[in-house]
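Coordinates as given in coords-v5.txt (compact mmCIF, C-alpha atoms):
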```txt
# COMPACT_ATOMS: atom_id res chain seq x y z
CA MET A 1 2.45 17.86 -16.08
CA ILE A 2 -0.04 15.65 -14.27
CA PRO A 3 -3.13 17.04 -12.51
CA ILE A 4 -2.69 16.62 -8.74
CA SER A 5 -5.94 14.60 -8.63
CA LEU A 6 -4.14 11.79 -10.52
CA PHE A 7 -1.27 11.52 -8.00
CA HIS A 8 -2.48 8.10 -6.82
CA ASN A 9 -2.06 6.60 -10.31
CA LEU A 10 1.69 7.16 -9.93
CA SER A 11 1.66 5.12 -6.71
CA TYR A 12 0.47 1.97 -8.50
CA PRO A 13 0.99 -0.98 -8.81
CA ARG A 14 -0.56 -1.83 -5.44
CA ASN A 15 -1.95 -5.14 -4.23
CA ALA A 16 -5.68 -5.24 -5.03
CA ILE A 17 -7.64 -6.74 -2.16
CA LEU A 18 -11.19 -7.59 -1.15
CA VAL A 19 -12.50 -6.11 2.10
CA THR A 20 -15.15 -8.44 3.46
CA SER A 21 -17.96 -7.40 5.80
CA GLU A 22 -21.55 -8.27 6.64
CA ASP A 23 -24.86 -6.45 6.67
CA PRO A 24 -27.07 -6.37 9.80
CA GLY A 25 -28.78 -9.55 8.54
CA GLY A 26 -25.47 -11.42 8.47
CA ARG A 27 -25.15 -11.45 4.67
CA ALA A 28 -21.60 -11.32 3.29
CA ASN A 29 -20.24 -8.47 1.18
CA ALA A 30 -16.85 -7.80 -0.46
CA MET A 31 -15.44 -4.50 -1.69
CA ALA A 32 -12.37 -4.16 -3.94
CA ALA A 33 -9.69 -1.83 -2.54
CA ALA A 34 -6.18 -0.75 -3.42
CA TRP A 35 -5.57 1.85 -0.69
CA HIS A 36 -4.44 -0.13 2.32
CA SER A 37 -1.32 -0.84 4.38
CA PRO A 38 0.13 -2.67 7.36
CA LEU A 39 0.47 -0.17 10.24
CA SER A 40 2.10 -2.00 13.14
CA VAL A 41 3.54 -5.39 14.08
CA ARG A 42 2.95 -5.17 17.85
CA PRO A 43 0.02 -4.93 18.06
CA PRO A 44 -0.68 -6.26 14.54
CA LEU A 45 -2.65 -3.50 12.78
CA TYR A 46 -3.86 -3.09 9.21
CA GLY A 47 -5.45 0.00 7.65
CA VAL A 48 -7.77 0.43 4.66
CA ALA A 49 -9.30 3.57 3.11
CA ILE A 50 -13.07 3.30 2.58
CA SER A 51 -15.37 5.89 1.04
CA PRO A 52 -18.54 6.74 3.02
CA LYS A 53 -20.38 6.07 -0.24
CA ARG A 54 -19.73 2.31 0.02
CA ALA A 55 -22.16 -0.14 1.65
CA THR A 56 -19.06 -1.65 3.28
CA TYR A 57 -18.50 1.61 5.18
CA GLU A 58 -21.76 1.28 7.13
CA PHE A 59 -21.39 -2.48 7.60
CA ILE A 60 -17.97 -2.21 9.25
CA ARG A 61 -18.94 0.79 11.38
CA ARG A 62 -21.88 -1.26 12.66
CA SER A 63 -20.32 -4.71 13.09
CA GLY A 64 -16.85 -3.56 14.19
CA LYS A 65 -15.07 -6.17 12.08
CA PHE A 66 -13.77 -6.78 8.56
CA GLY A 67 -11.69 -9.19 6.53
CA ILE A 68 -8.69 -8.47 4.28
CA ASN A 69 -8.37 -10.91 1.37
CA PHE A 70 -5.68 -11.29 -1.30
CA LEU A 71 -6.84 -12.89 -4.55
CA PRO A 72 -4.71 -14.69 -7.13
CA PHE A 73 -4.34 -13.09 -10.56
CA GLU A 74 -6.39 -15.95 -12.07
CA LEU A 75 -9.40 -14.42 -10.25
CA VAL A 76 -8.90 -10.83 -11.38
CA GLU A 77 -12.38 -10.81 -12.95
CA SER A 78 -13.91 -11.86 -9.63
CA LEU A 79 -12.11 -9.04 -7.89
CA HIS A 80 -13.01 -6.51 -10.57
CA THR A 81 -16.66 -7.57 -10.41
CA CYS A 82 -16.69 -6.80 -6.67
CA GLY A 83 -15.29 -3.38 -7.55
CA ARG A 84 -18.05 -2.60 -10.02
CA ILE A 85 -21.27 -4.12 -8.64
CA SER A 86 -22.84 -2.73 -5.47
CA PHE A 87 -24.24 -4.84 -2.64
CA ARG A 88 -26.98 -2.20 -2.37
CA GLU A 89 -28.29 -3.24 -5.78
CA VAL A 90 -27.83 -7.01 -5.78
CA GLY A 91 -27.35 -8.03 -2.12
CA GLU A 92 -25.66 -11.37 -1.55
CA GLU A 93 -25.94 -12.09 -5.27
CA LYS A 94 -22.81 -9.94 -5.55
CA LEU A 95 -20.47 -12.65 -4.33
CA LYS A 96 -22.27 -15.30 -6.35
CA ARG A 97 -21.89 -13.27 -9.53
CA ALA A 98 -18.21 -12.82 -8.71
CA ARG A 99 -18.02 -16.62 -8.20
CA LEU A 100 -16.54 -16.21 -4.74
CA THR A 101 -17.35 -18.11 -1.57
CA PRO A 102 -17.75 -16.37 1.80
CA VAL A 103 -16.62 -18.38 4.82
CA ARG A 104 -16.53 -17.37 8.47
CA GLY A 105 -13.11 -17.30 10.12
CA GLU A 106 -12.41 -18.39 13.67
CA PHE A 107 -13.23 -14.89 14.99
CA GLY A 108 -16.55 -14.82 13.14
CA VAL A 109 -15.39 -12.52 10.33
CA TYR A 110 -16.35 -13.29 6.74
CA LEU A 111 -13.39 -14.18 4.53
CA ILE A 112 -13.10 -15.28 0.89
CA GLU A 113 -12.38 -18.97 0.52
CA GLU A 114 -10.57 -18.50 -2.83
CA ALA A 115 -8.09 -15.97 -1.37
CA TYR A 116 -4.46 -17.07 -1.06
CA ALA A 117 -4.16 -14.98 2.14
CA SER A 118 -6.71 -13.48 4.53
CA PHE A 119 -6.79 -11.58 7.81
CA GLU A 120 -9.66 -11.26 10.27
CA CYS A 121 -9.66 -7.75 11.76
CA TYR A 122 -11.50 -6.09 14.62
CA LEU A 123 -12.04 -2.38 14.07
CA VAL A 124 -10.09 -0.29 16.57
CA ARG A 125 -10.28 3.18 15.06
CA VAL A 126 -11.73 5.22 12.20
CA VAL A 127 -9.64 8.23 11.17
CA GLU A 128 -11.54 10.85 9.19
CA VAL A 129 -8.96 12.28 6.86
CA GLY A 130 -10.47 13.25 3.50
CA ASP A 131 -12.93 11.81 0.97
CA HIS A 132 -12.18 8.32 2.35
CA ASP A 133 -12.01 7.34 6.03
CA TRP A 134 -9.07 5.28 7.27
CA PHE A 135 -10.27 2.11 9.02
CA VAL A 136 -7.71 0.63 11.40
CA GLY A 137 -8.17 -3.01 12.37
CA GLU A 138 -6.36 -5.27 14.77
CA VAL A 139 -5.40 -8.49 13.00
CA LYS A 140 -6.90 -11.37 14.99
CA SER A 141 -6.16 -14.29 12.68
CA VAL A 142 -4.04 -14.93 9.61
CA ARG A 143 -4.51 -17.48 6.82
CA GLY A 144 -1.94 -18.06 4.11
CA GLU A 145 1.40 -19.62 3.37
CA LEU A 146 4.93 -18.29 3.22
CA ARG A 147 8.15 -19.89 2.07
CA GLY A 148 11.32 -18.57 3.68
CA ASN A 149 8.96 -16.01 5.25
CA ILE A 150 7.98 -14.49 1.90
CA LEU A 151 5.21 -15.23 -0.58
CA ASP A 152 5.98 -18.26 -2.75
CA LEU A 153 5.75 -16.72 -6.23
CA GLY A 154 6.09 -20.16 -7.74
CA ARG A 155 2.64 -20.94 -6.32
CA VAL A 156 0.90 -17.59 -6.02
CA ARG A 157 0.47 -14.82 -8.60
CA PRO A 158 -0.54 -11.69 -6.68
CA THR A 159 -3.08 -9.29 -8.20
CA LEU A 160 -1.80 -5.74 -8.50
CA TYR A 161 -3.94 -2.76 -9.42
CA MET A 162 -2.54 -0.26 -11.91
CA GLY A 163 -5.39 2.29 -11.86
CA GLU A 164 -8.03 2.97 -14.55
CA ASP A 165 -9.40 -0.60 -14.28
CA HIS A 166 -6.05 -2.17 -15.21
CA TYR A 167 -4.28 -5.00 -13.41
CA ILE A 168 -0.92 -6.75 -13.59
CA THR A 169 0.99 -9.37 -11.65
CA ALA A 170 4.61 -9.62 -10.50
CA ASP A 171 7.49 -11.09 -12.51
CA PRO A 172 8.79 -14.01 -10.38
CA SER A 173 12.03 -14.15 -12.40
CA SER A 174 12.94 -10.64 -11.17
CA LEU A 175 13.04 -11.67 -7.48
CA ARG A 176 16.31 -10.62 -5.86
CA LYS A 177 17.75 -9.97 -2.44
CA GLY A 178 18.73 -6.37 -1.76
CA SER A 179 22.38 -5.54 -1.17
CA ILE A 180 24.00 -2.41 0.18
CA ARG A 181 25.93 -0.13 -2.18
CA MET B 1 0.22 -21.82 10.39
CA ILE B 2 1.90 -18.42 10.27
CA PRO B 3 2.70 -16.42 13.42
CA ILE B 4 0.48 -13.31 13.50
CA SER B 5 3.59 -11.12 13.64
CA LEU B 6 4.36 -12.13 10.03
CA PHE B 7 0.95 -11.04 8.68
CA HIS B 8 2.51 -8.13 6.76
CA ASN B 9 4.67 -10.49 4.69
CA LEU B 10 1.47 -11.86 3.15
CA SER B 11 0.50 -8.33 2.07
CA TYR B 12 3.55 -7.97 -0.17
CA PRO B 13 4.46 -7.15 -2.91
CA ARG B 14 4.08 -3.45 -2.14
CA ASN B 15 5.72 -0.49 -3.87
CA ALA B 16 8.98 0.32 -2.06
CA ILE B 17 9.44 4.07 -1.70
CA LEU B 18 11.85 6.61 -0.27
CA VAL B 19 10.47 9.12 2.23
CA THR B 20 12.59 12.26 2.03
CA SER B 21 13.01 14.78 4.83
CA GLU B 22 15.56 17.21 6.25
CA ASP B 23 17.30 17.68 9.55
CA PRO B 24 17.21 21.06 11.40
CA GLY B 25 20.38 22.04 9.50
CA GLY B 26 18.68 21.55 6.14
CA ARG B 27 20.54 18.34 5.27
CA ALA B 28 18.60 15.81 3.19
CA ASN B 29 17.65 12.34 4.38
CA ALA B 30 15.77 9.43 2.80
CA MET B 31 14.12 6.45 4.48
CA ALA B 32 12.96 3.30 2.69
CA ALA B 33 9.31 2.41 3.36
CA ALA B 34 6.76 -0.11 2.17
CA TRP B 35 3.83 0.76 4.44
CA HIS B 36 2.08 3.65 2.74
CA SER B 37 -1.11 4.45 0.81
CA PRO B 38 -3.12 7.13 -0.93
CA LEU B 39 -5.90 8.27 1.43
CA SER B 40 -8.01 10.81 -0.44
CA VAL B 41 -8.29 12.49 -3.83
CA ARG B 42 -10.01 15.69 -2.66
CA PRO B 43 -8.04 16.89 -0.82
CA PRO B 44 -5.07 14.85 -2.15
CA LEU B 45 -3.71 12.96 0.88
CA TYR B 46 -1.00 10.33 1.23
CA GLY B 47 -0.13 8.32 4.35
CA VAL B 48 3.05 6.57 5.43
CA ALA B 49 3.86 4.53 8.56
CA ILE B 50 7.07 5.65 10.32
CA SER B 51 8.64 4.14 13.43
CA PRO B 52 9.58 6.59 16.21
CA LYS B 53 13.01 4.92 16.10
CA ARG B 54 13.82 6.53 12.72
CA ALA B 55 15.65 9.83 12.32
CA THR B 56 13.02 10.65 9.70
CA TYR B 57 10.33 10.57 12.39
CA GLU B 58 11.82 13.54 14.24
CA PHE B 59 12.70 15.40 11.06
CA ILE B 60 9.15 15.34 9.70
CA ARG B 61 7.57 16.16 13.06
CA ARG B 62 9.82 19.21 13.22
CA SER B 63 9.74 20.47 9.62
CA GLY B 64 6.12 19.55 8.87
CA LYS B 65 6.95 18.27 5.39
CA PHE B 66 8.13 15.18 3.54
CA GLY B 67 8.62 13.78 0.08
CA ILE B 68 7.35 10.48 -1.39
CA ASN B 69 9.63 9.04 -4.09
CA PHE B 70 9.22 6.01 -6.34
CA LEU B 71 12.47 4.49 -7.59
CA PRO B 72 13.00 2.34 -10.69
CA PHE B 73 14.00 -1.30 -10.18
CA GLU B 74 17.43 -0.51 -11.67
CA LEU B 75 18.09 1.46 -8.45
CA VAL B 76 16.98 -1.21 -6.00
CA GLU B 77 20.44 -1.18 -4.36
CA SER B 78 20.15 2.57 -3.78
CA LEU B 79 16.79 2.09 -2.15
CA HIS B 80 17.97 -0.86 -0.08
CA THR B 81 21.00 1.12 1.09
CA CYS B 82 18.67 3.86 2.41
CA GLY B 83 16.81 1.12 4.28
CA ARG B 84 19.93 -0.21 5.97
CA ILE B 85 22.15 2.81 6.76
CA SER B 86 21.05 5.39 9.34
CA PHE B 87 21.35 9.15 8.87
CA ARG B 88 22.25 9.27 12.58
CA GLU B 89 25.47 7.43 11.83
CA VAL B 90 26.56 8.90 8.49
CA GLY B 91 24.59 12.14 8.05
CA GLU B 92 24.30 13.42 4.51
CA GLU B 93 26.81 10.78 3.41
CA LYS B 94 23.82 8.43 3.40
CA LEU B 95 22.43 9.73 0.11
CA LYS B 96 25.89 9.90 -1.42
CA ARG B 97 26.57 6.29 -0.54
CA ALA B 98 23.22 5.36 -2.05
CA ARG B 99 24.25 7.36 -5.15
CA LEU B 100 21.09 9.43 -5.02
CA THR B 101 20.66 13.16 -5.57
CA PRO B 102 18.46 15.30 -3.30
CA VAL B 103 16.72 18.22 -5.04
CA ARG B 104 14.27 20.73 -3.60
CA GLY B 105 10.80 20.74 -5.15
CA GLU B 106 8.74 23.85 -5.78
CA PHE B 107 7.30 23.73 -2.24
CA GLY B 108 10.75 23.45 -0.68
CA VAL B 109 10.55 19.72 0.06
CA TYR B 110 13.55 17.49 -0.70
CA LEU B 111 12.88 14.95 -3.44
CA ILE B 112 15.07 12.34 -5.13
CA GLU B 113 16.14 13.35 -8.62
CA GLU B 114 16.45 9.73 -9.81
CA ALA B 115 12.84 8.88 -8.84
CA TYR B 116 10.39 8.23 -11.68
CA ALA B 117 7.62 9.82 -9.58
CA SER B 118 7.64 12.11 -6.52
CA PHE B 119 5.17 13.99 -4.34
CA GLU B 120 5.85 16.95 -2.07
CA CYS B 121 3.69 16.65 1.06
CA TYR B 122 2.85 18.96 3.93
CA LEU B 123 2.16 17.10 7.17
CA VAL B 124 -1.46 17.51 8.24
CA ARG B 125 -1.80 14.83 10.92
CA VAL B 126 0.07 12.16 12.86
CA VAL B 127 -2.06 9.23 14.00
CA GLU B 128 -0.57 7.18 16.83
CA VAL B 129 -1.76 3.68 16.16
CA GLY B 130 0.85 1.11 17.18
CA ASP B 131 4.61 0.59 16.90
CA HIS B 132 4.61 2.94 13.90
CA ASP B 133 2.84 6.30 13.65
CA TRP B 134 0.78 7.09 10.58
CA PHE B 135 1.89 10.35 8.96
CA VAL B 136 -0.75 11.97 6.77
CA GLY B 137 0.46 14.51 4.23
CA GLU B 138 -1.36 16.78 1.81
CA VAL B 139 0.12 16.35 -1.66
CA LYS B 140 1.24 19.81 -2.83
CA SER B 141 3.06 18.91 -6.04
CA VAL B 142 3.42 15.86 -8.27
CA ARG B 143 6.26 14.85 -10.59
CA GLY B 144 6.07 11.92 -12.96
CA GLU B 145 4.55 10.71 -16.20
CA LEU B 146 1.51 8.67 -17.06
CA ARG B 147 0.36 7.19 -20.34
CA GLY B 148 -3.40 6.72 -20.72
CA ASN B 149 -3.47 7.81 -17.05
CA ILE B 150 -1.47 4.78 -15.88
CA LEU B 151 2.23 4.14 -15.41
CA ASP B 152 4.00 3.38 -18.68
CA LEU B 153 5.49 -0.04 -17.92
CA GLY B 154 7.39 0.08 -21.19
CA ARG B 155 9.46 2.90 -19.68
CA VAL B 156 9.31 2.35 -15.93
CA ARG B 157 10.00 -0.78 -13.90
CA PRO B 158 8.51 -0.20 -10.44
CA THR B 159 10.34 -1.50 -7.36
CA LEU B 160 8.18 -3.77 -5.22
CA TYR B 161 9.15 -4.99 -1.76
CA MET B 162 8.52 -8.65 -0.94
CA GLY B 163 9.64 -8.64 2.71
CA GLU B 164 12.82 -10.12 4.23
CA ASP B 165 15.06 -7.83 2.12
CA HIS B 166 13.67 -9.18 -1.16
CA TYR B 167 12.44 -7.15 -4.13
CA ILE B 168 10.69 -7.82 -7.44
CA THR B 169 9.20 -5.83 -10.28
CA ALA B 170 5.98 -6.16 -12.26
CA ASP B 171 5.50 -8.25 -15.39
CA PRO B 172 4.48 -5.76 -18.12
CA SER B 173 3.23 -8.57 -20.36
CA SER B 174 0.55 -9.43 -17.79
CA LEU B 175 -1.18 -6.01 -18.02
CA ARG B 176 -4.89 -6.38 -18.65
CA LYS B 177 -8.09 -4.42 -18.33
CA GLY B 178 -10.54 -5.81 -15.79
CA SER B 179 -13.93 -7.06 -17.01
CA ILE B 180 -17.08 -7.95 -15.09
CA ARG B 181 -18.09 -11.59 -14.71
```

As structure tokens, what does this structure read like?
Amino acid sequence: MIPISLFHNLSYPRNAILVTSEDPGGRANAMAAAWHSPLSVRPPLYGVAISPKRATYEFIRRSGKFGINFLPFELVESLHTCGRISFREVGEEKLKRARLTPVRGEFGVYLIEEAYASFECYLVRVVEVGDHDWFVGEVKSVRGELRGNILDLGRVRPTLYMGEDHYITADPSSLRKGSIR
Amino acid sequence: MIPISLFHNLSYPRNAILVTSEDPGGRANAMAAAWHSPLSVRPPLYGVAISPKRATYEFIRRSGKFGINFLPFELVESLHTCGRISFREVGEEKLKRARLTPVRGEFGVYLIEEAYASFECYLVRVVEVGDHDWFVGEVKSVRGELRGNILDLGRVRPTLYMGEDHYITADPSSLRKGSIR
């Protein structure tokens, strides 16, 4: 039997992302997150769970905007570093240590240059649901490439979180189209 | 450039799940979903996006409960079948056609016997956010196994949705522990 508090570890693997934001001085920050989901196509909405303990929580509440960034598996250490070092302690050194480059998107939201896909989001709602709040953003711009409308796994290795500081990527050779029984 | 309406395809792969529910007559249903996330550890909360067009939407609103089920990649056709056939058309034949077995969990919620992990959830909130509503459930029971607190990829091949009816699984040989730069 598994303690209920470990339920989320059964829900992995999940795409590990960086949530980008900025402090009141305009300095870029990035937080690693695995609890997130698309919510709607029309309007385009994306949600991410953020603990009130995170610096990112205050920054997004204040600025009303955030970025969603998907990093290739080759940069798993950069992502993990953003998950373990706090902006509160090192400020904008955080992204430098992670060897990541913040760039402003067309809607003024910080994104990560090294990401293979990024969204700029404007905050539309914060749902207080438990020990994390659920931040809902409207997707204003999209960067990235698709092939046949899906991710090109020949070019991109997505970074998936497994829980307990572990990561994996997908097996491109297993790709298949679903069929009905 | 990608049309904004395809933003979600960049967020894949995502674990493909079955959301189980029951109609007013107590007949089991299962809906395939890829938009879902853990939301909180204390209390244990899980969220899933459900379109008002789905039979499942009414069933959960009415009964106040749902199941979250993770299927092995070997059963991708079963999962895909649940994503393509509607309970409204075939009733409880849907699960039979998908060759899946509904079983009641200890809190009375239908689960899928063939799943490698399942949660029973009691509905605590519905957030209306866009063309899908966000159903928040409190996790009441958990089935499944972990090894070193993560999924044992030697025993379980998770089913990941890629968009556009495509699926993949993870590459167990890529598993690694994150380290700080």

Smallest atom-to-atom distance to chain B: which of A:Gly83, A:Pro38, A:Pro72, A:Gly26, using all atoms listed in the file? A:Pro38

Least-squares Cα fit of chain B to chain A, output as a short mmCIF file (atom, residue, chain, number, x, y, z; two decimals) with C-alpha atoms, keeping the file's coordinate frame:
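And here is the file that came out, superposed.cif:
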```cif
data_model
loop_
_atom_site.label_atom_id
_atom_site.label_comp_id
_atom_site.auth_asym_id
_atom_site.auth_seq_id
_atom_site.Cartn_x
_atom_site.Cartn_y
_atom_site.Cartn_z
CA MET B 1 2.44 17.86 -16.10
CA ILE B 2 -0.04 15.65 -14.26
CA PRO B 3 -3.13 17.05 -12.51
CA ILE B 4 -2.70 16.61 -8.73
CA SER B 5 -5.92 14.60 -8.62
CA LEU B 6 -4.13 11.79 -10.51
CA PHE B 7 -1.27 11.51 -7.99
CA HIS B 8 -2.48 8.09 -6.81
CA ASN B 9 -2.06 6.60 -10.30
CA LEU B 10 1.69 7.15 -9.94
CA SER B 11 1.66 5.11 -6.71
CA TYR B 12 0.48 1.96 -8.49
CA PRO B 13 0.99 -0.98 -8.81
CA ARG B 14 -0.55 -1.81 -5.44
CA ASN B 15 -1.95 -5.13 -4.23
CA ALA B 16 -5.68 -5.24 -5.03
CA ILE B 17 -7.65 -6.74 -2.15
CA LEU B 18 -11.19 -7.59 -1.15
CA VAL B 19 -12.49 -6.11 2.11
CA THR B 20 -15.15 -8.44 3.47
CA SER B 21 -17.96 -7.41 5.80
CA GLU B 22 -21.56 -8.27 6.64
CA ASP B 23 -24.84 -6.44 6.66
CA PRO B 24 -27.08 -6.36 9.80
CA GLY B 25 -28.77 -9.54 8.53
CA GLY B 26 -25.47 -11.43 8.46
CA ARG B 27 -25.16 -11.45 4.66
CA ALA B 28 -21.61 -11.32 3.29
CA ASN B 29 -20.24 -8.48 1.18
CA ALA B 30 -16.87 -7.80 -0.44
CA MET B 31 -15.43 -4.51 -1.67
CA ALA B 32 -12.38 -4.16 -3.93
CA ALA B 33 -9.69 -1.84 -2.54
CA ALA B 34 -6.18 -0.75 -3.41
CA TRP B 35 -5.58 1.84 -0.69
CA HIS B 36 -4.44 -0.14 2.33
CA SER B 37 -1.31 -0.85 4.39
CA PRO B 38 0.12 -2.67 7.37
CA LEU B 39 0.47 -0.17 10.25
CA SER B 40 2.10 -2.00 13.15
CA VAL B 41 3.53 -5.39 14.07
CA ARG B 42 2.95 -5.17 17.83
CA PRO B 43 0.02 -4.93 18.06
CA PRO B 44 -0.69 -6.27 14.53
CA LEU B 45 -2.65 -3.49 12.78
CA TYR B 46 -3.86 -3.09 9.21
CA GLY B 47 -5.45 0.00 7.64
CA VAL B 48 -7.75 0.43 4.66
CA ALA B 49 -9.29 3.56 3.11
CA ILE B 50 -13.07 3.29 2.58
CA SER B 51 -15.37 5.89 1.04
CA PRO B 52 -18.53 6.74 3.02
CA LYS B 53 -20.39 6.07 -0.25
CA ARG B 54 -19.75 2.31 0.02
CA ALA B 55 -22.15 -0.15 1.65
CA THR B 56 -19.07 -1.64 3.29
CA TYR B 57 -18.51 1.61 5.18
CA GLU B 58 -21.76 1.27 7.12
CA PHE B 59 -21.38 -2.47 7.59
CA ILE B 60 -17.97 -2.20 9.24
CA ARG B 61 -18.94 0.79 11.38
CA ARG B 62 -21.87 -1.26 12.67
CA SER B 63 -20.31 -4.72 13.10
CA GLY B 64 -16.86 -3.55 14.20
CA LYS B 65 -15.08 -6.16 12.08
CA PHE B 66 -13.77 -6.78 8.58
CA GLY B 67 -11.70 -9.19 6.55
CA ILE B 68 -8.70 -8.47 4.28
CA ASN B 69 -8.37 -10.92 1.38
CA PHE B 70 -5.68 -11.29 -1.28
CA LEU B 71 -6.83 -12.89 -4.52
CA PRO B 72 -4.71 -14.69 -7.12
CA PHE B 73 -4.35 -13.08 -10.55
CA GLU B 74 -6.39 -15.94 -12.05
CA LEU B 75 -9.40 -14.42 -10.23
CA VAL B 76 -8.90 -10.84 -11.37
CA GLU B 77 -12.38 -10.82 -12.95
CA SER B 78 -13.91 -11.87 -9.62
CA LEU B 79 -12.12 -9.05 -7.88
CA HIS B 80 -13.01 -6.53 -10.57
CA THR B 81 -16.66 -7.58 -10.41
CA CYS B 82 -16.69 -6.80 -6.65
CA GLY B 83 -15.29 -3.38 -7.54
CA ARG B 84 -18.04 -2.61 -10.04
CA ILE B 85 -21.27 -4.12 -8.65
CA SER B 86 -22.85 -2.71 -5.47
CA PHE B 87 -24.24 -4.84 -2.65
CA ARG B 88 -26.99 -2.20 -2.38
CA GLU B 89 -28.28 -3.24 -5.79
CA VAL B 90 -27.82 -7.02 -5.78
CA GLY B 91 -27.35 -8.04 -2.13
CA GLU B 92 -25.67 -11.37 -1.56
CA GLU B 93 -25.94 -12.08 -5.29
CA LYS B 94 -22.81 -9.93 -5.57
CA LEU B 95 -20.47 -12.66 -4.33
CA LYS B 96 -22.27 -15.30 -6.36
CA ARG B 97 -21.89 -13.27 -9.53
CA ALA B 98 -18.21 -12.83 -8.72
CA ARG B 99 -18.04 -16.62 -8.20
CA LEU B 100 -16.54 -16.21 -4.75
CA THR B 101 -17.34 -18.11 -1.57
CA PRO B 102 -17.76 -16.35 1.79
CA VAL B 103 -16.62 -18.37 4.82
CA ARG B 104 -16.54 -17.35 8.47
CA GLY B 105 -13.11 -17.30 10.11
CA GLU B 106 -12.41 -18.38 13.66
CA PHE B 107 -13.23 -14.89 14.99
CA GLY B 108 -16.55 -14.81 13.14
CA VAL B 109 -15.39 -12.51 10.34
CA TYR B 110 -16.36 -13.31 6.73
CA LEU B 111 -13.39 -14.19 4.54
CA ILE B 112 -13.10 -15.27 0.90
CA GLU B 113 -12.37 -18.97 0.52
CA GLU B 114 -10.57 -18.49 -2.82
CA ALA B 115 -8.09 -15.95 -1.36
CA TYR B 116 -4.46 -17.06 -1.06
CA ALA B 117 -4.16 -14.98 2.14
CA SER B 118 -6.72 -13.48 4.54
CA PHE B 119 -6.79 -11.58 7.82
CA GLU B 120 -9.67 -11.26 10.27
CA CYS B 121 -9.66 -7.75 11.77
CA TYR B 122 -11.49 -6.09 14.63
CA LEU B 123 -12.04 -2.38 14.06
CA VAL B 124 -10.09 -0.30 16.58
CA ARG B 125 -10.29 3.18 15.05
CA VAL B 126 -11.73 5.21 12.19
CA VAL B 127 -9.65 8.22 11.17
CA GLU B 128 -11.53 10.85 9.18
CA VAL B 129 -8.95 12.28 6.85
CA GLY B 130 -10.47 13.23 3.50
CA ASP B 131 -12.92 11.80 0.97
CA HIS B 132 -12.17 8.33 2.35
CA ASP B 133 -11.99 7.34 6.02
CA TRP B 134 -9.08 5.27 7.25
CA PHE B 135 -10.26 2.12 9.02
CA VAL B 136 -7.70 0.63 11.40
CA GLY B 137 -8.18 -3.01 12.36
CA GLU B 138 -6.36 -5.28 14.78
CA VAL B 139 -5.40 -8.49 13.00
CA LYS B 140 -6.90 -11.37 15.00
CA SER B 141 -6.16 -14.30 12.70
CA VAL B 142 -4.04 -14.93 9.61
CA ARG B 143 -4.50 -17.47 6.81
CA GLY B 144 -1.95 -18.06 4.10
CA GLU B 145 1.42 -19.61 3.37
CA LEU B 146 4.93 -18.27 3.21
CA ARG B 147 8.15 -19.87 2.05
CA GLY B 148 11.34 -18.55 3.66
CA ASN B 149 8.96 -16.00 5.24
CA ILE B 150 7.98 -14.49 1.88
CA LEU B 151 5.21 -15.23 -0.59
CA ASP B 152 5.98 -18.25 -2.76
CA LEU B 153 5.75 -16.71 -6.24
CA GLY B 154 6.08 -20.16 -7.76
CA ARG B 155 2.64 -20.94 -6.33
CA VAL B 156 0.91 -17.58 -6.02
CA ARG B 157 0.47 -14.82 -8.60
CA PRO B 158 -0.54 -11.68 -6.69
CA THR B 159 -3.10 -9.30 -8.21
CA LEU B 160 -1.80 -5.74 -8.50
CA TYR B 161 -3.95 -2.76 -9.41
CA MET B 162 -2.54 -0.26 -11.91
CA GLY B 163 -5.38 2.29 -11.86
CA GLU B 164 -8.02 2.97 -14.54
CA ASP B 165 -9.40 -0.60 -14.28
CA HIS B 166 -6.05 -2.17 -15.20
CA TYR B 167 -4.28 -5.01 -13.40
CA ILE B 168 -0.91 -6.76 -13.58
CA THR B 169 1.00 -9.37 -11.64
CA ALA B 170 4.61 -9.62 -10.50
CA ASP B 171 7.48 -11.09 -12.50
CA PRO B 172 8.79 -14.01 -10.39
CA SER B 173 12.02 -14.15 -12.40
CA SER B 174 12.93 -10.66 -11.18
CA LEU B 175 13.05 -11.67 -7.48
CA ARG B 176 16.29 -10.62 -5.86
CA LYS B 177 17.76 -9.99 -2.44
CA GLY B 178 18.72 -6.38 -1.78
CA SER B 179 22.39 -5.54 -1.16
CA ILE B 180 24.02 -2.39 0.18
CA ARG B 181 25.95 -0.12 -2.17
#
```

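Here the question is which of A:Phe119, A:Tyr161, A:Phe59, A:Tyr167 gets nearest to A:Gly105 using all atoms listed in the file, and that residue is A:Phe119.
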
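Rounded to one decimal, atom CA of A:Glu113 and atom CA of A:Ser141 lie 14.4 Å from each other.
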
Please list as a PyMOL selection string every residue within 10 Å of stretch 171-178 of chain A, counting only C-alpha atoms and excluding residues in the same chain fewer than 4 positions away. (chain A and resi 152-154+156-158) or (chain B and resi 73+76-81+83-84+160-174)

Residues within 10 Å of B:Leu146, please, as a PyMOL selection string. Count all atoms listed in the file; anything in the same chain fewer than 4 positions from it doesn't count. (chain A and resi 1-2+6-7+9-10) or (chain B and resi 117+150-153)

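Separating atom CA of A:Glu128 from atom CA of B:Ile60 is a distance of 21.2 Å.
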
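Between B:Ser51 and the residues B:Glu145, B:Asp23, B:Glu138, B:Asp133, the shortest atom-to-atom distance, using only C-alpha atoms, involves B:Asp133.
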
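Across the structure, atom CA of A:Ala16 and atom CA of B:Ala33 are spaced 18.8 Å apart.
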